[in-house]
Structure formats: C-alpha cells, structure tokens
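Chemist: Structure file final_38.cif (mmCIF, C-alpha atoms) is given on the next line.
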data_entry
#
loop_
_atom_site.group_PDB
_atom_site.id
_atom_site.type_symbol
_atom_site.label_atom_id
_atom_site.label_comp_id
_atom_site.auth_asym_id
_atom_site.auth_seq_id
_atom_site.Cartn_x
_atom_site.Cartn_y
_atom_site.Cartn_z
ATOM 1 C CA MET A 230 -20.061 -3.245 -2.966
ATOM 2 C CA LEU A 231 -17.514 -2.359 -5.657
ATOM 3 C CA VAL A 232 -20.193 -0.507 -7.613
ATOM 4 C CA ARG A 233 -20.874 1.605 -4.524
ATOM 5 C CA PHE A 234 -17.139 2.210 -4.148
ATOM 6 C CA TRP A 235 -16.781 3.431 -7.757
ATOM 7 C CA LYS A 236 -19.905 5.571 -7.565
ATOM 8 C CA ARG A 237 -18.617 7.128 -4.359
ATOM 9 C CA ALA A 238 -15.172 7.659 -5.885
ATOM 10 C CA ALA A 239 -16.671 9.368 -8.933
ATOM 11 C CA HIS A 240 -18.381 12.020 -6.788
ATOM 12 C CA PHE A 241 -15.832 12.354 -4.037
ATOM 13 C CA GLU A 242 -14.100 15.711 -3.738
ATOM 14 C CA TYR A 243 -10.463 15.170 -2.963
ATOM 15 C CA ASP A 244 -8.404 17.668 -0.993
ATOM 16 C CA PRO A 245 -4.974 17.829 -2.707
ATOM 17 C CA LYS A 246 -3.399 18.774 0.631
ATOM 18 C CA GLN A 247 -4.154 15.253 1.841
ATOM 19 C CA ARG A 248 -2.332 12.037 0.926
ATOM 20 C CA PHE A 249 -3.830 9.639 -1.613
ATOM 21 C CA ARG A 250 -3.864 6.853 0.983
ATOM 22 C CA GLY A 251 -6.202 8.915 3.159
ATOM 23 C CA TYR A 252 -8.386 9.640 0.144
ATOM 24 C CA LEU A 253 -8.596 5.938 -0.672
ATOM 25 C CA ARG A 254 -9.454 5.076 2.933
ATOM 26 C CA GLN A 255 -12.109 7.759 3.086
ATOM 27 C CA ILE A 256 -13.960 6.736 -0.077
ATOM 28 C CA LEU A 257 -13.796 3.061 0.886
ATOM 29 C CA THR A 258 -15.096 3.789 4.380
ATOM 30 C CA SER A 259 -17.845 5.980 2.939
ATOM 31 C CA ALA A 260 -18.884 3.279 0.481
ATOM 32 C CA LEU A 261 -18.963 0.673 3.252
ATOM 33 C CA SER A 262 -20.994 2.960 5.509
ATOM 34 C CA GLU A 263 -23.416 3.727 2.697
ATOM 35 C CA TRP A 264 -23.792 0.026 1.986
ATOM 36 C CA SER A 265 -24.313 -0.890 5.631
ATOM 37 C CA LYS A 266 -26.957 1.818 6.075
ATOM 38 C CA ALA A 267 -28.829 0.422 3.098
ATOM 39 C CA GLN A 268 -29.071 -2.991 4.763
ATOM 40 C CA LEU A 269 -31.522 -3.944 7.476
ATOM 41 C CA PHE A 270 -29.353 -4.612 10.517
ATOM 42 C CA GLU A 271 -31.445 -7.507 11.691
ATOM 43 C CA GLN A 272 -31.931 -9.075 8.271
ATOM 44 C CA PRO A 273 -29.488 -11.853 7.338
ATOM 45 C CA VAL A 274 -27.018 -10.872 4.660
ATOM 46 C CA SER A 275 -26.323 -13.486 2.030
ATOM 47 C CA GLY A 276 -22.804 -14.149 0.811
ATOM 48 C CA LEU A 277 -20.951 -12.640 3.770
ATOM 49 C CA ALA A 278 -20.429 -15.823 5.709
ATOM 50 C CA SER A 279 -21.091 -19.493 5.419
ATOM 51 C CA ARG A 280 -23.360 -19.657 8.453
ATOM 52 C CA GLU A 281 -27.030 -18.724 8.407
ATOM 53 C CA GLY A 282 -28.231 -15.594 10.146
ATOM 54 C CA THR A 283 -25.183 -13.382 9.608
ATOM 55 C CA THR A 284 -26.185 -9.732 9.905
ATOM 56 C CA VAL A 285 -24.458 -6.545 8.858
ATOM 57 C CA LEU A 286 -23.589 -5.933 12.513
ATOM 58 C CA ASP A 287 -21.665 -9.218 12.506
ATOM 59 C CA TRP A 288 -19.775 -8.148 9.386
ATOM 60 C CA LEU A 289 -18.861 -4.532 10.206
ATOM 61 C CA PRO A 290 -15.677 -5.321 12.201
ATOM 62 C CA ALA A 291 -14.258 -6.765 8.986
ATOM 63 C CA ARG A 292 -14.458 -3.295 7.414
ATOM 64 C CA GLU A 293 -11.172 -2.220 8.995
ATOM 65 C CA ALA A 294 -9.493 -5.414 7.828
ATOM 66 C CA LEU A 295 -10.702 -4.731 4.283
ATOM 67 C CA VAL A 296 -9.418 -1.152 4.405
ATOM 68 C CA GLU A 297 -6.049 -2.390 5.692
ATOM 69 C CA ARG A 298 -5.795 -5.005 2.923
ATOM 70 C CA ILE A 299 -6.509 -2.386 0.266
ATOM 71 C CA GLU A 300 -3.914 -0.053 1.782
ATOM 72 C CA GLN A 301 -1.365 -2.890 1.867
ATOM 73 C CA ALA A 302 -2.069 -3.657 -1.780
ATOM 74 C CA TYR A 303 -1.639 0.022 -2.615
ATOM 75 C CA ASP A 304 1.671 0.169 -0.706
ATOM 76 C CA THR A 305 2.920 -3.012 -2.370
ATOM 77 C CA GLU A 306 2.070 -1.742 -5.838
ATOM 78 C CA LEU A 307 3.605 1.657 -5.124
ATOM 79 C CA LEU A 308 6.822 0.033 -3.885
ATOM 80 C CA GLN A 309 7.009 -2.196 -6.957
ATOM 81 C CA ILE A 310 6.607 0.808 -9.265
ATOM 82 C CA ALA A 311 9.370 2.600 -7.349
ATOM 83 C CA ILE A 312 11.630 -0.478 -7.562
ATOM 84 C CA ASP A 313 11.042 -0.721 -11.310
ATOM 85 C CA ASP A 314 11.999 2.939 -11.603
ATOM 86 C CA VAL A 315 15.077 2.947 -9.342
ATOM 87 C CA LYS A 316 16.690 -0.445 -9.980
ATOM 88 C CA PRO A 317 17.851 0.277 -13.565
ATOM 89 C CA ARG A 318 19.357 3.581 -12.444
ATOM 90 C CA VAL A 319 21.796 2.137 -9.894
ATOM 91 C CA LYS A 320 24.794 -0.121 -10.343
ATOM 92 C CA PRO A 321 24.011 -3.845 -10.050
ATOM 93 C CA HIS A 322 26.276 -4.331 -6.993
ATOM 94 C CA THR A 323 24.625 -1.332 -5.300
ATOM 95 C CA TRP A 324 21.175 -2.778 -5.892
ATOM 96 C CA ARG A 325 22.268 -6.230 -4.743
ATOM 97 C CA ALA A 326 23.737 -4.812 -1.534
ATOM 98 C CA PHE A 327 20.467 -3.015 -0.846
ATOM 99 C CA GLU A 328 18.423 -6.091 -1.725
ATOM 100 C CA LEU A 329 20.433 -8.361 0.557
ATOM 101 C CA VAL A 330 20.233 -6.048 3.563
ATOM 102 C CA ALA A 331 16.753 -4.552 3.111
ATOM 103 C CA PHE A 332 14.713 -7.380 1.602
ATOM 104 C CA GLU A 333 16.574 -10.529 2.574
ATOM 105 C CA ALA A 334 17.615 -9.347 6.067
ATOM 106 C CA VAL A 335 21.235 -10.362 5.532
ATOM 107 C CA GLU A 336 23.663 -8.823 8.016
ATOM 108 C CA PRO A 337 25.665 -6.000 6.366
ATOM 109 C CA ARG A 338 28.917 -7.778 7.249
ATOM 110 C CA VAL A 339 27.759 -10.957 5.502
ATOM 111 C CA ALA A 340 26.486 -8.997 2.492
ATOM 112 C CA ALA A 341 29.842 -7.221 2.262
ATOM 113 C CA GLU A 342 31.684 -10.561 2.246
ATOM 114 C CA GLN A 343 29.348 -11.999 -0.396
ATOM 115 C CA LEU A 344 29.733 -8.979 -2.678
ATOM 116 C CA GLY A 345 33.407 -8.232 -2.057
ATOM 117 C CA LEU A 346 32.586 -4.801 -0.632
ATOM 118 C CA SER A 347 33.371 -3.095 2.622
ATOM 119 C CA VAL A 348 30.681 -2.903 5.289
ATOM 120 C CA ASP A 349 30.628 0.882 4.808
ATOM 121 C CA GLN A 350 29.939 0.418 1.103
ATOM 122 C CA VAL A 351 27.012 -1.864 1.901
ATOM 123 C CA TYR A 352 25.547 0.681 4.330
ATOM 124 C CA THR A 353 26.046 3.467 1.796
ATOM 125 C CA ALA A 354 24.408 1.416 -0.969
ATOM 126 C CA ARG A 355 21.421 0.639 1.247
ATOM 127 C CA LEU A 356 20.973 4.275 2.230
ATOM 128 C CA ARG A 357 21.313 5.582 -1.338
ATOM 129 C CA VAL A 358 18.822 3.107 -2.792
ATOM 130 C CA GLN A 359 16.440 3.579 0.117
ATOM 131 C CA ARG A 360 16.572 7.352 -0.341
ATOM 132 C CA ARG A 361 15.884 7.026 -4.079
ATOM 133 C CA LEU A 362 12.965 4.701 -3.432
ATOM 134 C CA GLU A 363 11.508 7.116 -0.871
ATOM 135 C CA GLN A 364 11.891 10.053 -3.271
ATOM 136 C CA THR A 365 10.259 8.079 -6.080
ATOM 137 C CA ILE A 366 7.349 7.074 -3.854
ATOM 138 C CA GLN A 367 6.878 10.674 -2.741
ATOM 139 C CA ARG A 368 6.923 11.791 -6.372
ATOM 140 C CA LEU A 369 4.419 9.086 -7.356
ATOM 141 C CA GLU A 370 2.096 9.925 -4.484
ATOM 142 C CA GLY A 371 2.405 13.600 -5.342
ATOM 143 C CA SER A 372 1.499 12.980 -8.971
ATOM 144 C CA ALA A 373 -1.427 10.775 -7.905
ATOM 145 C CA GLU A 374 -2.640 13.615 -5.695
ATOM 146 C CA ALA A 375 -2.196 16.134 -8.510
ATOM 147 C CA ASP A 376 -4.308 13.935 -10.813
ATOM 148 C CA ARG A 377 -7.249 14.145 -8.413
#
Written as structure tokens, how would this file's structure read?
Modeler:
Amino acid sequence: MLVRFWKRAAHFEYDPKQRFRGYLRQILTSALSEWSKAQLFEQPVSGLASREGTTVLDWLPAREALVERIEQAYDTELLQIAIDDVKPRVKPHTWRAFELVAFEAVEPRVAAEQLGLSVDQVYTARLRVQRRLEQTIQRLEGSAEADR
C-alpha cells in the first residue's frame, strides 16, 4: 500500500492554489482507490483483519479513518514545528501563560495568579503566541506548497 502511495505521489500534479493537506488527502485516496480496484472484491484479503473471509468491501470504510489519522499526524507535526519555532522567540512567562491556558486548559484567572500576572496579561500572551503560531503554520504550509 505504501509503495502505491509513493508511486502515486511521484506522478501526482499538485495545484499550488490548493492546500498541502488537500494534496495529501487526494494522493492517499487515489492510492487507496487504485489498490482497491486491483483487488478482487469477493476474494479474501490477507492481513487486513484477523477473521477469515475479509474482503476489500469490508475494509473500505476504514479508508476515511486512515486518511484522518494521516491528517492528524500531519497537523501534530506541523504544530510541533511551529512551537519549536515560536517558543524561543517569546518571553518565558508569555509562553507559560499561553501553555497554561491553551494546552493545559487552566482558567486565565488561575494562570494569572500562578504567574503573578494580570488576567489581561494572560489573555494578551495567549493571543500573541496563538497569532505567531498561526502565522508560522501558514508560512510552513505555504513553503510546503511552493516546494510542490
């Protein structure tokens, strides 16, 4: 399956007006469709399930779940790259305020008390870091699209 994916990716013509996520979804879906067409729908497919007699038709609903998992992995990696880029460029208390509110779901009032900041400062820190992360992600996605 991965060989089909890479072969499909090598010959896929990407439209730079589209987002990389859509490109990834499209080549994965194409590879899965190509693979499923190559199988005999009534012939059991080995390795897809533990029970005997599993056919491609039984497996196809899992295609969307696979696409979603790959997209989630892409999003997670993209966010981590953005974090690695932004975190060193903001003050430690600004990052910690953002981290508490955005990642740890701490109430802004509680985060402000913990950090010795005002609630307004916590909100401002969260918004500034969030904005920088969004800009970095947009830049990264734009450069990924430009590389295609």
Chemist: Here's a test: counting only C-alpha atoms, identify every protein, DNA and RNA residue with an atom at most 8 Å from (0.3, 4.8, -8.3) in the file's coordinate frame, and state them as a count of residues only.
Modeler: 7
Chemist: Would you work out the distance separating atom CA of A:Gln350 from atom CA of A:Asp313, expressed in Å to one decimal?
Modeler: 22.6 Å
Chemist: Could you state the separation of atom CA of A:Pro337 and atom CA of A:Tyr352 in Å, given to one decimal place?
Modeler: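 Atom-to-atom, atom CA of A:Pro337 to atom CA of A:Tyr352, that is 7.0 Å.
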Chemist: Given the PyMOL selection byres ((chain A and resi 344) around 10) and the file above, list the residues it selects as a list in words.
Modeler: His322, Thr323, Arg325, Ala326, Leu329, Val339, Ala340, Ala341, Glu342, Gln343, Gly345, Leu346, Ser347 and Val351 of chain A
Chemist: In Å, how far is it from atom CA of A:Leu295 to atom CA of A:Arg368?
Modeler: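 A separation of 26.4 Å between them.
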Chemist: Kindly indicate which residue among A:Ile256, A:Ile299, A:Leu308, A:Val330 lies nearest to A:Thr353, using only C-alpha atoms for the distances.
Modeler: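 Going through A:Ile256, A:Ile299, A:Leu308, A:Val330 one by one, the smallest distance to A:Thr353 is for A:Val330.
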Chemist: Looking at A:Arg250, A:Arg338, A:Lys320, A:Arg357, which one is nearest to A:Asp304, with distances taken over all atoms listed in the file?
Modeler: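 Of A:Arg250, A:Arg338, A:Lys320, A:Arg357, the one nearest A:Asp304 is A:Arg250, counting all atoms listed in the file.
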Chemist: Quick one: of A:Glu363, A:Glu297, A:Glu336, A:Asp349, who's nearest to A:Gln309, counting all atoms listed in the file?
Modeler: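 Among A:Glu363, A:Glu297, A:Glu336, A:Asp349, it is A:Glu363 that comes nearest to A:Gln309.
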